Amino acid sequence: MGAVTVSLGDLPLRDELRGMKPYGAPQAPLPVALNVNENTHRVPDDVAEDILDGIAVALREVNRYPDREFTALREAFADYLGHGLTSDNIWAANGSNEVLQHVFQAFGGPGRVGFSYAPTYSMYSLLARGTGTGWVDGERAADFTLTAESAVEQVRAVSPDIVLLCSPNNPTGTPLGLDVVEAVYDATDAIVIVDEAYAEFAPHDAPSALTLLEGRPRLAVSRTMSKAFAFAGARVGYLAADPAFIDALRLVRLPYHLSALTQAAALAALQHSEEMLRMVDDIVLQRDRISATLEALGYQPSESWSNFVLFGGVDDPASTWQQLYDRGVLIRDIGLPGSLRVSAGTEEETTAFLDALASIGETA
Ligand SMILES: *Cc1c(COP(=O)(O)O)cnc(C)c1O
């Protein structure tokens with residue numbers, strides 16, 4: 001190809017994609033990156049060695065297509081989740097974003113509608129758009145909570161085909177009661193997805209929506225290894241549901257969508273789940289420290305059951321974001337008025353963020 005001769009607008013792009021920008025948070029090589037809710041702790045050395053051994057074995061057979069059913073990995077996820085689940089209840093893909101895309105491909109599409117309660121994870125509406133599914137935003141209370149009563153009233157009014165319940169919610173961190181999940185399920189004929197990407201950061205005695213799966217064939221719970229498992233770069237997400245639900249997702253997946261290397265890496269990591277999750281308690285401590293310090297600085301942090309904190313009371317979010325950036329700290333301006341979101345990092349990273357934020361007040 002020689003010189004570029006056309007621009008994107010000249011190509012016969014699908015109408016609904018015209019004018020769109022690719023989604024993604026800014027990636028900048030700053031010393032303290034707390035913008036995309038990663039687990040900033042590295043994979044422990046002994047686990048990394050086992051993962052490398054697993055990948056080395058898989059690599060010897062990489063001339064062959066991988067196990068299309070990723071059976072060993074589904075068994076490992078079933079074991080990890082417990083609740084009497086078996087491999088027949090499990091699906092996985094390259095990140096839970098791909099899992100959710102499979103859900104939209106199987107149960108959404110032209111003439112169908114997806115629905116959630118804003119503000120929530122922005123990928124939901126983008127997945128709807130990418131699959132030709134309609135989208136409607138519901139709402140939450142001013143403190144971002146959602147009651148069963150409000151959730152049911154809204155879902156009845158919209159009558160969607162897919163409902164997404166993010167629990168705890170991103171970008172607000174807000175917990176969601178299981179009573180809301182049950183009530184929404186009972187109020188619709190829709191597919192109901194509970195996105196538990198941050199479940200491991202919730203209080204240990206908080207029940208998961210996994211406890212509701214039995215007898216609810218339209219309900220699914222999605223999880224990811226990206227956050228608590230410190231595995232964001234490996235791209236592994238998964239979902240638990242009725243076996244018939246899993247069969248629906250098989251209809252839309254690409255054959256061999258999970259590479260042999262991905263399967264080997266995830267399997268080895270899951271065999272060390274306890275060690276992989278050891279940092280979760282420390283991250284929760286840092287999260288609570290962020291909330292307490294923000295409050296002392298005069299900001300309004302939202303209650304968080306995740307590994308990040310949304311805080312209000314920011315006069316000029318774009319300016320505060322930039323001043324933190326200039327001090328080597330990357331956080332997220334998610335476009336909510338007067339608010340910014342920060343992920344809990346290691347103790348040092350968290351201190352760097354809190355010190356930088358405090359210094360902005362002094363130098364402004
Ligand atoms: C991070 C995140 C995910 C998924 O991430 P993957 O890396 O694609 O597994 C899903 N849902 C929510 C709410 C998230 O914040």
# chains A, B, ... in the order shown; residues from 1 in each chain; ligands from 1
call {"tool": "residues_near_ligand", "arguments": {"ligand": "ligand 1", "cutoff": "10 Å", "atoms": "only C-alpha atoms and all ligand atoms", "output": "ChimeraX atom specification"}}
result
/A:36-38,92-101,120-124,164-171,173,194-198,222-227,231-238,306-308
call {"tool": "write_last_selection", "arguments": {"atoms": "N, CA and C atoms", "output": "short mmCIF file (atom, residue, chain, number, x, y, z; two decimals), in the first residue's frame"}}
result
data_model
loop_
_atom_site.label_atom_id
_atom_site.label_comp_id
_atom_site.auth_asym_id
_atom_site.auth_seq_id
_atom_site.Cartn_x
_atom_site.Cartn_y
_atom_site.Cartn_z
N VAL A 36 -7.37 1.95 35.34
CA VAL A 36 -8.26 0.94 34.73
C VAL A 36 -8.53 -0.23 35.67
N ASN A 37 -8.42 0.02 36.97
CA ASN A 37 -8.82 -0.97 37.99
C ASN A 37 -8.07 -2.29 37.90
N GLU A 38 -6.84 -2.22 37.35
CA GLU A 38 -6.01 -3.42 37.36
C GLU A 38 -5.60 -3.75 38.79
N ALA A 92 -16.09 -19.56 29.01
CA ALA A 92 -14.96 -18.64 29.16
C ALA A 92 -14.59 -18.06 27.80
N ALA A 93 -13.88 -16.95 27.84
CA ALA A 93 -13.43 -16.30 26.60
C ALA A 93 -12.28 -15.36 26.93
N ASN A 94 -11.83 -14.63 25.92
CA ASN A 94 -10.69 -13.73 26.07
C ASN A 94 -11.12 -12.45 26.79
N GLY A 95 -11.26 -12.54 28.08
CA GLY A 95 -11.76 -11.43 28.89
C GLY A 95 -13.26 -11.55 29.01
N SER A 96 -13.81 -11.02 30.13
CA SER A 96 -15.27 -11.11 30.26
C SER A 96 -15.95 -10.20 29.26
N ASN A 97 -15.22 -9.23 28.70
CA ASN A 97 -15.81 -8.46 27.60
C ASN A 97 -16.22 -9.36 26.45
N GLU A 98 -15.36 -10.34 26.13
CA GLU A 98 -15.73 -11.25 25.04
C GLU A 98 -16.86 -12.17 25.46
N VAL A 99 -16.86 -12.60 26.72
CA VAL A 99 -17.97 -13.39 27.24
C VAL A 99 -19.28 -12.62 27.05
N LEU A 100 -19.27 -11.34 27.43
CA LEU A 100 -20.48 -10.52 27.31
C LEU A 100 -20.85 -10.31 25.84
N GLN A 101 -19.84 -10.20 24.99
CA GLN A 101 -20.14 -10.08 23.56
C GLN A 101 -20.85 -11.35 23.06
N THR A 120 -23.05 3.04 34.64
CA THR A 120 -22.52 1.69 34.82
C THR A 120 -21.43 1.45 33.78
N TYR A 121 -21.00 0.22 33.66
CA TYR A 121 -19.85 -0.12 32.81
C TYR A 121 -20.14 0.24 31.36
N SER A 122 -19.31 1.12 30.79
CA SER A 122 -19.63 1.67 29.48
C SER A 122 -19.52 0.66 28.34
N MET A 123 -18.86 -0.48 28.59
CA MET A 123 -18.76 -1.48 27.53
C MET A 123 -20.12 -2.09 27.18
N TYR A 124 -21.08 -2.07 28.11
CA TYR A 124 -22.36 -2.73 27.82
C TYR A 124 -23.03 -2.11 26.59
N LEU A 164 -28.31 -6.04 32.22
CA LEU A 164 -26.99 -6.18 32.84
C LEU A 164 -26.98 -5.53 34.20
N LEU A 165 -26.61 -6.29 35.22
CA LEU A 165 -26.53 -5.79 36.59
C LEU A 165 -25.08 -5.91 37.03
N CYS A 166 -24.41 -4.78 37.19
CA CYS A 166 -22.99 -4.80 37.54
C CYS A 166 -22.88 -4.77 39.06
N SER A 167 -22.27 -5.82 39.64
CA SER A 167 -22.30 -5.99 41.10
C SER A 167 -20.97 -6.48 41.67
N PRO A 168 -20.23 -5.62 42.39
CA PRO A 168 -20.48 -4.19 42.60
C PRO A 168 -20.32 -3.41 41.30
N ASN A 169 -20.94 -2.23 41.28
CA ASN A 169 -21.04 -1.48 40.03
C ASN A 169 -19.75 -0.72 39.70
N ASN A 170 -19.36 -0.77 38.44
CA ASN A 170 -18.31 0.08 37.90
C ASN A 170 -19.01 1.16 37.08
N PRO A 171 -18.71 2.43 37.23
CA PRO A 171 -17.56 3.06 37.89
C PRO A 171 -17.84 3.57 39.30
N GLY A 173 -18.58 1.63 42.27
CA GLY A 173 -18.19 0.76 43.39
C GLY A 173 -19.37 0.27 44.22
N VAL A 194 -25.48 -10.89 35.76
CA VAL A 194 -24.87 -10.20 36.89
C VAL A 194 -23.36 -10.21 36.65
N ASP A 195 -22.81 -9.01 36.45
CA ASP A 195 -21.38 -8.87 36.16
C ASP A 195 -20.64 -8.71 37.49
N GLU A 196 -20.01 -9.79 37.94
CA GLU A 196 -19.29 -9.78 39.22
C GLU A 196 -17.78 -9.67 39.00
N ALA A 197 -17.37 -8.75 38.13
CA ALA A 197 -15.94 -8.58 37.82
C ALA A 197 -15.12 -8.29 39.09
N TYR A 198 -15.77 -7.67 40.08
CA TYR A 198 -15.04 -7.26 41.30
C TYR A 198 -15.46 -8.03 42.54
N SER A 222 -21.18 -13.35 35.39
CA SER A 222 -19.88 -13.28 34.72
C SER A 222 -18.81 -12.82 35.70
N ARG A 223 -17.62 -13.34 35.49
CA ARG A 223 -16.45 -13.03 36.32
C ARG A 223 -15.26 -12.80 35.40
N THR A 224 -14.17 -12.33 35.98
CA THR A 224 -12.96 -12.14 35.18
C THR A 224 -11.72 -12.46 36.02
N MET A 225 -10.65 -12.87 35.34
CA MET A 225 -9.36 -13.01 36.03
C MET A 225 -8.57 -11.70 35.97
N SER A 226 -9.14 -10.67 35.32
CA SER A 226 -8.37 -9.44 35.08
C SER A 226 -8.13 -8.63 36.35
N LYS A 227 -9.02 -8.69 37.32
CA LYS A 227 -8.94 -7.76 38.43
C LYS A 227 -8.31 -8.45 39.65
N PHE A 231 -4.49 -10.70 36.30
CA PHE A 231 -4.26 -11.42 35.05
C PHE A 231 -4.80 -10.64 33.85
N ALA A 232 -4.86 -9.31 33.97
CA ALA A 232 -5.51 -8.49 32.93
C ALA A 232 -4.88 -8.70 31.56
N GLY A 233 -3.55 -8.85 31.53
CA GLY A 233 -2.85 -8.97 30.25
C GLY A 233 -3.06 -10.32 29.58
N ALA A 234 -3.52 -11.31 30.33
CA ALA A 234 -3.71 -12.65 29.75
C ALA A 234 -5.06 -12.78 29.05
N ARG A 235 -6.01 -11.91 29.39
CA ARG A 235 -7.34 -11.87 28.78
C ARG A 235 -8.13 -13.14 29.03
N VAL A 236 -8.63 -13.31 30.23
CA VAL A 236 -9.45 -14.48 30.56
C VAL A 236 -10.65 -14.04 31.41
N GLY A 237 -11.84 -14.22 30.86
CA GLY A 237 -13.07 -13.99 31.61
C GLY A 237 -13.92 -15.24 31.54
N TYR A 238 -14.91 -15.37 32.43
CA TYR A 238 -15.72 -16.58 32.43
C TYR A 238 -17.12 -16.29 32.94
N SER A 306 -15.42 -2.59 45.62
CA SER A 306 -14.55 -3.04 44.53
C SER A 306 -13.11 -2.63 44.84
N ASN A 307 -12.26 -2.58 43.83
CA ASN A 307 -10.87 -2.19 44.08
C ASN A 307 -10.60 -0.76 43.62
N PHE A 308 -11.66 0.05 43.57
CA PHE A 308 -11.50 1.45 43.16
C PHE A 308 -12.47 2.31 43.95
#
call {"tool": "select_by_dssp", "arguments": {"residues": "stretch 84-303 of chain A", "states": "alpha helix (DSSP H)", "output": "NGL selection string"}}
result
:A and (96-107 or 123-130 or 148-158 or 178-187 or 243-250 or 260-270 or 273-276 or 280-296)
call {"tool": "residues_around", "arguments": {"residues": "A:Gly111", "least_positions_apart": "5", "cutoff": "10 Å", "atoms": "only C-alpha atoms", "output": "VMD selection string"}}
result
chain A and resid 132 to 134 161
call {"tool": "atom_distance", "arguments": {"atom1": "atom CA of A:Gly108", "atom2": "atom CA of A:Leu178"}}
result
24.3 Å
call {"tool": "closest_residue", "arguments": {"among": "A:Arg218, A:Arg278, A:Arg68, A:Arg129", "to": "A:Leu254", "atoms": "only C-alpha atoms"}}
result
A:Arg68
call {"tool": "closest_residue", "arguments": {"among": "A:Leu297, A:Val6, A:Val57, A:Leu17", "to": "A:Thr131", "atoms": "only C-alpha atoms"}}
result
A:Leu17
call {"tool": "select_by_dssp", "arguments": {"residues": "stretch 176-361 of chain A", "states": "strand (DSSP E)", "output": "MDAnalysis selection string"}}
result
chainID A and resid 191:195 219:224 237:241 300:301 308:312 329:330 340:343
call {"tool": "write_last_selection", "arguments": {"atoms": "N, CA and C atoms", "output": "PDB file, in the first residue's frame"}}
result
ATOM      1  N   ILE A 191     -32.940 -12.197  29.490  1.00  0.00           N
ATOM      2  CA  ILE A 191     -31.682 -12.733  29.991  1.00  0.00           C
ATOM      3  C   ILE A 191     -31.158 -11.735  31.030  1.00  0.00           C
ATOM      4  N   VAL A 192     -30.761 -12.206  32.203  1.00  0.00           N
ATOM      5  CA  VAL A 192     -30.246 -11.309  33.246  1.00  0.00           C
ATOM      6  C   VAL A 192     -28.797 -11.696  33.548  1.00  0.00           C
ATOM      7  N   ILE A 193     -27.896 -10.757  33.300  1.00  0.00           N
ATOM      8  CA  ILE A 193     -26.474 -10.998  33.549  1.00  0.00           C
ATOM      9  C   ILE A 193     -26.051 -10.215  34.787  1.00  0.00           C
ATOM     10  N   VAL A 194     -25.481 -10.886  35.761  1.00  0.00           N
ATOM     11  CA  VAL A 194     -24.873 -10.202  36.893  1.00  0.00           C
ATOM     12  C   VAL A 194     -23.364 -10.205  36.653  1.00  0.00           C
ATOM     13  N   ASP A 195     -22.806  -9.013  36.445  1.00  0.00           N
ATOM     14  CA  ASP A 195     -21.377  -8.874  36.163  1.00  0.00           C
ATOM     15  C   ASP A 195     -20.641  -8.711  37.491  1.00  0.00           C
ATOM     16  N   LEU A 219     -30.625 -16.647  34.026  1.00  0.00           N
ATOM     17  CA  LEU A 219     -29.652 -15.877  34.815  1.00  0.00           C
ATOM     18  C   LEU A 219     -28.228 -16.375  34.541  1.00  0.00           C
ATOM     19  N   ALA A 220     -27.282 -15.442  34.443  1.00  0.00           N
ATOM     20  CA  ALA A 220     -25.871 -15.816  34.310  1.00  0.00           C
ATOM     21  C   ALA A 220     -25.028 -14.862  35.141  1.00  0.00           C
ATOM     22  N   VAL A 221     -23.925 -15.378  35.676  1.00  0.00           N
ATOM     23  CA  VAL A 221     -23.004 -14.570  36.475  1.00  0.00           C
ATOM     24  C   VAL A 221     -21.663 -14.546  35.756  1.00  0.00           C
ATOM     25  N   SER A 222     -21.183 -13.346  35.387  1.00  0.00           N
ATOM     26  CA  SER A 222     -19.884 -13.283  34.720  1.00  0.00           C
ATOM     27  C   SER A 222     -18.807 -12.816  35.699  1.00  0.00           C
ATOM     28  N   ARG A 223     -17.625 -13.343  35.494  1.00  0.00           N
ATOM     29  CA  ARG A 223     -16.454 -13.030  36.323  1.00  0.00           C
ATOM     30  C   ARG A 223     -15.260 -12.799  35.404  1.00  0.00           C
ATOM     31  N   THR A 224     -14.166 -12.335  35.978  1.00  0.00           N
ATOM     32  CA  THR A 224     -12.962 -12.142  35.183  1.00  0.00           C
ATOM     33  C   THR A 224     -11.724 -12.457  36.016  1.00  0.00           C
ATOM     34  N   GLY A 237     -11.843 -14.218  30.859  1.00  0.00           N
ATOM     35  CA  GLY A 237     -13.068 -13.991  31.612  1.00  0.00           C
ATOM     36  C   GLY A 237     -13.923 -15.241  31.543  1.00  0.00           C
ATOM     37  N   TYR A 238     -14.911 -15.369  32.429  1.00  0.00           N
ATOM     38  CA  TYR A 238     -15.721 -16.582  32.430  1.00  0.00           C
ATOM     39  C   TYR A 238     -17.115 -16.292  32.940  1.00  0.00           C
ATOM     40  N   LEU A 239     -17.986 -17.265  32.830  1.00  0.00           N
ATOM     41  CA  LEU A 239     -19.395 -17.066  33.159  1.00  0.00           C
ATOM     42  C   LEU A 239     -19.963 -18.388  33.653  1.00  0.00           C
ATOM     43  N   ALA A 240     -20.920 -18.298  34.584  1.00  0.00           N
ATOM     44  CA  ALA A 240     -21.614 -19.487  35.083  1.00  0.00           C
ATOM     45  C   ALA A 240     -23.105 -19.336  34.829  1.00  0.00           C
ATOM     46  N   ALA A 241     -23.726 -20.397  34.343  1.00  0.00           N
ATOM     47  CA  ALA A 241     -25.160 -20.371  34.041  1.00  0.00           C
ATOM     48  C   ALA A 241     -25.648 -21.800  33.836  1.00  0.00           C
ATOM     49  N   GLN A 300     -15.991  13.621  48.428  1.00  0.00           N
ATOM     50  CA  GLN A 300     -17.086  12.709  48.788  1.00  0.00           C
ATOM     51  C   GLN A 300     -16.942  11.361  48.095  1.00  0.00           C
ATOM     52  N   PRO A 301     -16.226  10.428  48.739  1.00  0.00           N
ATOM     53  CA  PRO A 301     -16.081   9.093  48.140  1.00  0.00           C
ATOM     54  C   PRO A 301     -17.391   8.299  48.241  1.00  0.00           C
ATOM     55  N   PHE A 308     -11.662   0.046  43.567  1.00  0.00           N
ATOM     56  CA  PHE A 308     -11.499   1.446  43.157  1.00  0.00           C
ATOM     57  C   PHE A 308     -12.472   2.305  43.949  1.00  0.00           C
ATOM     58  N   VAL A 309     -12.242   3.608  43.886  1.00  0.00           N
ATOM     59  CA  VAL A 309     -13.127   4.544  44.591  1.00  0.00           C
ATOM     60  C   VAL A 309     -13.513   5.668  43.632  1.00  0.00           C
ATOM     61  N   LEU A 310     -14.809   5.910  43.544  1.00  0.00           N
ATOM     62  CA  LEU A 310     -15.311   7.086  42.828  1.00  0.00           C
ATOM     63  C   LEU A 310     -15.487   8.189  43.857  1.00  0.00           C
ATOM     64  N   PHE A 311     -14.950   9.369  43.569  1.00  0.00           N
ATOM     65  CA  PHE A 311     -15.129  10.446  44.546  1.00  0.00           C
ATOM     66  C   PHE A 311     -15.651  11.712  43.896  1.00  0.00           C
ATOM     67  N   GLY A 312     -16.628  12.306  44.568  1.00  0.00           N
ATOM     68  CA  GLY A 312     -17.226  13.556  44.123  1.00  0.00           C
ATOM     69  C   GLY A 312     -16.629  14.729  44.886  1.00  0.00           C
ATOM     70  N   VAL A 329       0.818  10.590  38.200  1.00  0.00           N
ATOM     71  CA  VAL A 329      -0.238   9.702  38.682  1.00  0.00           C
ATOM     72  C   VAL A 329      -1.406   9.707  37.693  1.00  0.00           C
ATOM     73  N   LEU A 330      -1.717   8.530  37.157  1.00  0.00           N
ATOM     74  CA  LEU A 330      -2.787   8.424  36.165  1.00  0.00           C
ATOM     75  C   LEU A 330      -4.038   7.847  36.822  1.00  0.00           C
ATOM     76  N   LEU A 340     -14.106  11.897  39.981  1.00  0.00           N
ATOM     77  CA  LEU A 340     -12.999  11.159  39.379  1.00  0.00           C
ATOM     78  C   LEU A 340     -12.981   9.768  40.003  1.00  0.00           C
ATOM     79  N   ARG A 341     -12.323   8.810  39.318  1.00  0.00           N
ATOM     80  CA  ARG A 341     -12.236   7.450  39.837  1.00  0.00           C
ATOM     81  C   ARG A 341     -10.771   7.035  39.935  1.00  0.00           C
ATOM     82  N   VAL A 342     -10.418   6.400  41.049  1.00  0.00           N
ATOM     83  CA  VAL A 342      -9.037   5.949  41.230  1.00  0.00           C
ATOM     84  C   VAL A 342      -9.036   4.491  41.669  1.00  0.00           C
ATOM     85  N   SER A 343      -8.106   3.695  41.120  1.00  0.00           N
ATOM     86  CA  SER A 343      -7.974   2.304  41.543  1.00  0.00           C
ATOM     87  C   SER A 343      -7.055   2.234  42.752  1.00  0.00           C
TER      88      SER A 343
END
call {"tool": "closest_residue", "arguments": {"among": "A:Ala187, A:Ala264, A:Leu212, A:Ala248", "to": "A:Ala148", "atoms": "only C-alpha atoms"}}
result
A:Ala187
call {"tool": "closest_residue", "arguments": {"among": "A:Pro12, A:Val314, A:Arg18, A:Leu85", "to": "A:Leu210", "atoms": "only C-alpha atoms"}}
result
A:Leu85
call {"tool": "closest_residue", "arguments": {"among": "A:Arg140, A:Lys21, A:Arg14, A:His204", "to": "A:Val284", "atoms": "only C-alpha atoms"}}
result
A:His204
call {"tool": "atom_distance", "arguments": {"atom1": "atom CA of A:Thr147", "atom2": "atom CA of A:Gln105"}}
result
29.1 Å
call {"tool": "decode", "arguments": {"residues": "stretch 139-169 of chain A", "atoms": "N, CA and C atoms", "output": "JSON list (two decimals), in the first residue's frame"}}
result
[["chain", "number", "residue", "atom", "x", "y", "z"],
["A", 139, "GLU", "N", -31.82, 4.35, 35.33],
["A", 139, "GLU", "CA", -31.12, 5.26, 36.25],
["A", 139, "GLU", "C", -31.02, 4.68, 37.66],
["A", 140, "ARG", "N", -30.17, 5.30, 38.44],
["A", 140, "ARG", "CA", -29.96, 4.96, 39.84],
["A", 140, "ARG", "C", -30.32, 6.15, 40.71],
["A", 141, "ALA", "N", -30.39, 5.94, 42.02],
["A", 141, "ALA", "CA", -30.59, 7.05, 42.96],
["A", 141, "ALA", "C", -29.35, 7.96, 42.93],
["A", 142, "ALA", "N", -29.47, 9.13, 43.53],
["A", 142, "ALA", "CA", -28.37, 10.11, 43.50],
["A", 142, "ALA", "C", -27.09, 9.54, 44.11],
["A", 143, "ASP", "N", -27.23, 8.61, 45.09],
["A", 143, "ASP", "CA", -26.03, 8.01, 45.68],
["A", 143, "ASP", "C", -25.61, 6.73, 44.94],
["A", 144, "PHE", "N", -26.17, 6.51, 43.74],
["A", 144, "PHE", "CA", -25.84, 5.40, 42.84],
["A", 144, "PHE", "C", -26.36, 4.04, 43.29],
["A", 145, "THR", "N", -27.15, 4.01, 44.39],
["A", 145, "THR", "CA", -27.74, 2.73, 44.79],
["A", 145, "THR", "C", -28.94, 2.43, 43.91],
["A", 146, "LEU", "N", -29.42, 1.20, 43.99],
["A", 146, "LEU", "CA", -30.55, 0.75, 43.19],
["A", 146, "LEU", "C", -31.41, -0.15, 44.06],
["A", 147, "THR", "N", -32.66, 0.23, 44.25],
["A", 147, "THR", "CA", -33.56, -0.62, 45.04],
["A", 147, "THR", "C", -34.30, -1.57, 44.11],
["A", 148, "ALA", "N", -34.80, -2.66, 44.68],
["A", 148, "ALA", "CA", -35.56, -3.63, 43.90],
["A", 148, "ALA", "C", -36.78, -2.96, 43.28],
["A", 149, "GLU", "N", -37.42, -2.11, 44.05],
["A", 149, "GLU", "CA", -38.64, -1.44, 43.58],
["A", 149, "GLU", "C", -38.37, -0.59, 42.33],
["A", 150, "SER", "N", -37.33, 0.24, 42.41],
["A", 150, "SER", "CA", -36.99, 1.10, 41.28],
["A", 150, "SER", "C", -36.53, 0.27, 40.08],
["A", 151, "ALA", "N", -35.71, -0.75, 40.35],
["A", 151, "ALA", "CA", -35.19, -1.59, 39.27],
["A", 151, "ALA", "C", -36.32, -2.27, 38.52],
["A", 152, "VAL", "N", -37.31, -2.78, 39.26],
["A", 152, "VAL", "CA", -38.42, -3.50, 38.65],
["A", 152, "VAL", "C", -39.29, -2.55, 37.84],
["A", 153, "GLU", "N", -39.59, -1.40, 38.43],
["A", 153, "GLU", "CA", -40.43, -0.42, 37.72],
["A", 153, "GLU", "C", -39.79, -0.04, 36.38],
["A", 154, "GLN", "N", -38.49, 0.18, 36.38],
["A", 154, "GLN", "CA", -37.81, 0.59, 35.15],
["A", 154, "GLN", "C", -37.75, -0.54, 34.14],
["A", 155, "VAL", "N", -37.46, -1.75, 34.61],
["A", 155, "VAL", "CA", -37.30, -2.86, 33.67],
["A", 155, "VAL", "C", -38.65, -3.22, 33.04],
["A", 156, "ARG", "N", -39.73, -3.05, 33.82],
["A", 156, "ARG", "CA", -41.07, -3.30, 33.27],
["A", 156, "ARG", "C", -41.40, -2.30, 32.17],
["A", 157, "ALA", "N", -40.98, -1.03, 32.37],
["A", 157, "ALA", "CA", -41.29, 0.02, 31.41],
["A", 157, "ALA", "C", -40.55, -0.19, 30.09],
["A", 158, "VAL", "N", -39.35, -0.78, 30.17],
["A", 158, "VAL", "CA", -38.51, -0.91, 28.97],
["A", 158, "VAL", "C", -38.73, -2.26, 28.29],
["A", 159, "SER", "N", -38.98, -3.29, 29.09],
["A", 159, "SER", "CA", -39.17, -4.64, 28.58],
["A", 159, "SER", "C", -38.02, -5.09, 27.66],
["A", 160, "PRO", "N", -36.80, -5.09, 28.20],
["A", 160, "PRO", "CA", -35.62, -5.41, 27.40],
["A", 160, "PRO", "C", -35.46, -6.92, 27.18],
["A", 161, "ASP", "N", -34.51, -7.28, 26.31],
["A", 161, "ASP", "CA", -34.19, -8.69, 26.07],
["A", 161, "ASP", "C", -32.99, -9.16, 26.89],
["A", 162, "ILE", "N", -32.11, -8.19, 27.22],
["A", 162, "ILE", "CA", -30.93, -8.49, 28.05],
["A", 162, "ILE", "C", -30.83, -7.40, 29.12],
["A", 163, "VAL", "N", -30.70, -7.80, 30.38],
["A", 163, "VAL", "CA", -30.48, -6.84, 31.47],
["A", 163, "VAL", "C", -29.10, -7.10, 32.06],
["A", 164, "LEU", "N", -28.31, -6.04, 32.22],
["A", 164, "LEU", "CA", -26.99, -6.18, 32.84],
["A", 164, "LEU", "C", -26.98, -5.53, 34.20],
["A", 165, "LEU", "N", -26.61, -6.29, 35.22],
["A", 165, "LEU", "CA", -26.53, -5.79, 36.59],
["A", 165, "LEU", "C", -25.08, -5.91, 37.03],
["A", 166, "CYS", "N", -24.41, -4.78, 37.19],
["A", 166, "CYS", "CA", -22.99, -4.80, 37.54],
["A", 166, "CYS", "C", -22.88, -4.77, 39.06],
["A", 167, "SER", "N", -22.27, -5.82, 39.64],
["A", 167, "SER", "CA", -22.30, -5.99, 41.10],
["A", 167, "SER", "C", -20.97, -6.48, 41.67],
["A", 168, "PRO", "N", -20.23, -5.62, 42.39],
["A", 168, "PRO", "CA", -20.48, -4.19, 42.60],
["A", 168, "PRO", "C", -20.32, -3.41, 41.30],
["A", 169, "ASN", "N", -20.94, -2.23, 41.28],
["A", 169, "ASN", "CA", -21.04, -1.48, 40.03],
["A", 169, "ASN", "C", -19.75, -0.72, 39.70]]
